[in-house]
Amino acid sequence: MQQINNSRKTMENEIVEFNHEDYQFIITRFKRINWKQYKGFSQYQYFLFVFDKRLAKVNNGDSITEVFNTEIRDNVFETFESLKQNLDVILSEYILNDDAIFRCLKVVEKLNPIYLDNNGKE
């Protein structure tokens, strides 16, 4: 028999996505394991995944093209500041347009614990 604890707070994971041409960027924020021992903003850990959507296969049975997302990069960052310091360089490997990089950085700002605190989400 499965028990459900409805009083438990929902998981505090945040995910943002950004697509540019053939690449999909997924940046996530998770509370650390044993997060109660960490104070302030270091209670979160950040993950970056980059997928390439160019790998496609034509199904011989019905001639429908199936697109596969292939993971081409993943990184882990200890703090939001570390993520922000490194993200610009990583994005510039895949995105040549400065405006697109700036739009992605604005989306990632939603993972900033200060941003979330100021908007009353936490």
# chains A, B, ... in the order shown; residues from 1 in each chain; ligands from 1
>>> residues_around(residues="Lys106 in chain A", least_positions_apart="5", cutoff="12 Å", atoms="only C-alpha atoms", output="JSON, numbers by chain")
{"A": [16, 17, 18, 84, 87, 88, 99, 100, 101, 111, 112, 115]}
>>> closest_atom_pairs(of="range 41-68 of chain A", to="range 22-35 of chain A", cutoff="7 Å", atoms="only C-alpha atoms", output="CSV")
residue,atom,partner,partner_atom,distance
A:Gln43,CA,A:Trp35,CA,5.2
A:Tyr44,CA,A:Lys31,CA,4.5
A:Gln45,CA,A:Phe30,CA,5.4
A:Tyr46,CA,A:Arg29,CA,4.6
A:Phe47,CA,A:Thr28,CA,5.2
A:Leu48,CA,A:Ile27,CA,4.6
A:Phe49,CA,A:Ile26,CA,5.1
A:Val50,CA,A:Phe25,CA,4.7
A:Phe51,CA,A:Gln24,CA,5.1
A:Asp52,CA,A:Tyr23,CA,4.8
A:Lys53,CA,A:Asp22,CA,5.2
A:Arg54,CA,A:Asp22,CA,6.0
>>> write_last_selection(atoms="C-alpha atoms", output="PDB file, in the first residue's frame")
ATOM      1  CA  GLN A  43      22.046  25.140  -0.506  1.00  0.00           C
ATOM      2  CA  TYR A  44      21.494  24.858  -4.275  1.00  0.00           C
ATOM      3  CA  GLN A  45      23.486  23.134  -6.983  1.00  0.00           C
ATOM      4  CA  TYR A  46      23.196  23.964 -10.692  1.00  0.00           C
ATOM      5  CA  PHE A  47      23.386  21.694 -13.738  1.00  0.00           C
ATOM      6  CA  LEU A  48      23.784  22.573 -17.409  1.00  0.00           C
ATOM      7  CA  PHE A  49      22.880  20.205 -20.239  1.00  0.00           C
ATOM      8  CA  VAL A  50      23.392  20.971 -23.922  1.00  0.00           C
ATOM      9  CA  PHE A  51      21.619  18.880 -26.553  1.00  0.00           C
ATOM     10  CA  ASP A  52      22.230  18.800 -30.292  1.00  0.00           C
ATOM     11  CA  LYS A  53      19.038  18.252 -32.296  1.00  0.00           C
ATOM     12  CA  ARG A  54      20.757  17.647 -35.652  1.00  0.00           C
TER      13      ARG A  54
END
>>> residues_around(residues="Tyr94 in chain A", least_positions_apart="2", cutoff="9 Å", atoms="only C-alpha atoms", output="CSV table (one decimal) with all heavy atoms, in the first residue's frame")
chain,number,residue,atom,x,y,z
A,20,HIS,N,18.2,27.4,-29.4
A,20,HIS,CA,18.8,28.3,-30.4
A,20,HIS,C,19.3,27.4,-31.5
A,20,HIS,O,20.1,26.5,-31.3
A,20,HIS,CB,20.0,29.1,-29.8
A,20,HIS,CG,20.6,30.0,-30.8
A,20,HIS,ND1,20.0,31.1,-31.3
A,20,HIS,CD2,21.8,29.9,-31.5
A,20,HIS,CE1,20.8,31.7,-32.2
A,20,HIS,NE2,21.9,31.0,-32.3
A,23,TYR,N,20.4,23.7,-31.1
A,23,TYR,CA,20.9,23.4,-29.8
A,23,TYR,C,19.8,23.7,-28.8
A,23,TYR,O,19.0,24.7,-28.9
A,23,TYR,CB,22.1,24.2,-29.4
A,23,TYR,CG,23.3,23.9,-30.3
A,23,TYR,CD1,23.7,24.8,-31.2
A,23,TYR,CD2,24.0,22.7,-30.1
A,23,TYR,CE1,24.8,24.5,-32.1
A,23,TYR,CE2,25.0,22.4,-31.0
A,23,TYR,CZ,25.4,23.3,-31.9
A,23,TYR,OH,26.5,23.0,-32.7
A,90,ILE,N,30.6,29.2,-22.2
A,90,ILE,CA,30.0,27.9,-22.7
A,90,ILE,C,29.0,28.2,-23.8
A,90,ILE,O,29.1,27.6,-24.8
A,90,ILE,CB,29.4,27.1,-21.5
A,90,ILE,CG1,30.5,26.7,-20.6
A,90,ILE,CG2,28.6,25.9,-22.1
A,90,ILE,CD1,29.9,26.0,-19.3
A,91,LEU,N,28.1,29.2,-23.6
A,91,LEU,CA,27.2,29.5,-24.6
A,91,LEU,C,27.8,30.0,-25.9
A,91,LEU,O,27.3,29.7,-27.0
A,91,LEU,CB,26.2,30.6,-24.1
A,91,LEU,CG,25.2,30.2,-23.0
A,91,LEU,CD1,24.4,31.4,-22.5
A,91,LEU,CD2,24.3,29.0,-23.5
A,92,SER,N,28.9,30.7,-25.8
A,92,SER,CA,29.6,31.3,-27.0
A,92,SER,C,30.2,30.2,-27.8
A,92,SER,O,30.5,30.4,-29.0
A,92,SER,CB,30.6,32.3,-26.6
A,92,SER,OG,31.6,31.7,-25.9
A,96,LEU,N,26.6,32.0,-31.8
A,96,LEU,CA,27.5,33.1,-32.2
A,96,LEU,C,26.8,34.5,-32.2
A,96,LEU,O,27.5,35.5,-32.3
A,96,LEU,CB,27.9,32.8,-33.7
A,96,LEU,CG,28.7,31.6,-33.9
A,96,LEU,CD1,29.0,31.4,-35.4
A,96,LEU,CD2,29.9,31.5,-33.1
>>> closest_residue(among="A:Leu55, A:Phe80, A:Asn97, A:Leu105", to="Phe68 in chain A", atoms="only C-alpha atoms")
A:Leu55
>>> atom_distance(atom1="CA of Glu71 in chain A", atom2="CA of Val89 in chain A")
18.2 Å
>>> atom_distance(atom1="CA of Glu78 in chain A", atom2="CA of Glu21 in chain A")
28.6 Å
>>> decode(residues="range 53-68 of chain A", atoms="N, CA and C atoms", output="compact mmCIF listing (two decimals), in the first residue's frame")
# COMPACT_ATOMS: atom_id res chain seq x y z
N LYS A 53 20.23 18.83 -31.68
CA LYS A 53 19.04 18.25 -32.30
C LYS A 53 19.25 17.90 -33.77
N ARG A 54 20.51 17.89 -34.23
CA ARG A 54 20.76 17.65 -35.65
C ARG A 54 20.79 16.18 -36.04
N LEU A 55 20.89 15.29 -35.07
CA LEU A 55 20.93 13.87 -35.40
C LEU A 55 19.51 13.40 -35.74
N ALA A 56 19.30 13.00 -36.97
CA ALA A 56 17.98 12.57 -37.41
C ALA A 56 18.10 11.23 -38.13
N LYS A 57 17.06 10.45 -38.07
CA LYS A 57 17.03 9.14 -38.71
C LYS A 57 15.69 9.00 -39.43
N VAL A 58 15.73 8.56 -40.65
CA VAL A 58 14.51 8.34 -41.42
C VAL A 58 14.06 6.90 -41.18
N ASN A 59 12.83 6.76 -40.71
CA ASN A 59 12.25 5.44 -40.47
C ASN A 59 11.87 4.83 -41.82
N ASN A 60 12.45 3.68 -42.15
CA ASN A 60 12.20 3.06 -43.45
C ASN A 60 10.76 2.59 -43.62
N GLY A 61 10.09 2.28 -42.53
CA GLY A 61 8.72 1.78 -42.62
C GLY A 61 7.72 2.81 -43.10
N ASP A 62 7.84 4.06 -42.62
CA ASP A 62 6.87 5.08 -43.00
C ASP A 62 7.51 6.38 -43.50
N SER A 63 8.82 6.39 -43.66
CA SER A 63 9.57 7.54 -44.19
C SER A 63 9.43 8.80 -43.35
N ILE A 64 9.14 8.64 -42.08
CA ILE A 64 9.05 9.79 -41.18
C ILE A 64 10.42 10.02 -40.55
N THR A 65 10.84 11.26 -40.55
CA THR A 65 12.13 11.60 -39.97
C THR A 65 11.98 11.76 -38.46
N GLU A 66 12.78 11.03 -37.72
CA GLU A 66 12.77 11.11 -36.26
C GLU A 66 14.03 11.85 -35.82
N VAL A 67 13.85 12.86 -35.00
CA VAL A 67 14.98 13.67 -34.53
C VAL A 67 15.33 13.23 -33.11
N PHE A 68 16.61 13.03 -32.88
CA PHE A 68 17.09 12.62 -31.57
C PHE A 68 17.88 13.75 -30.94
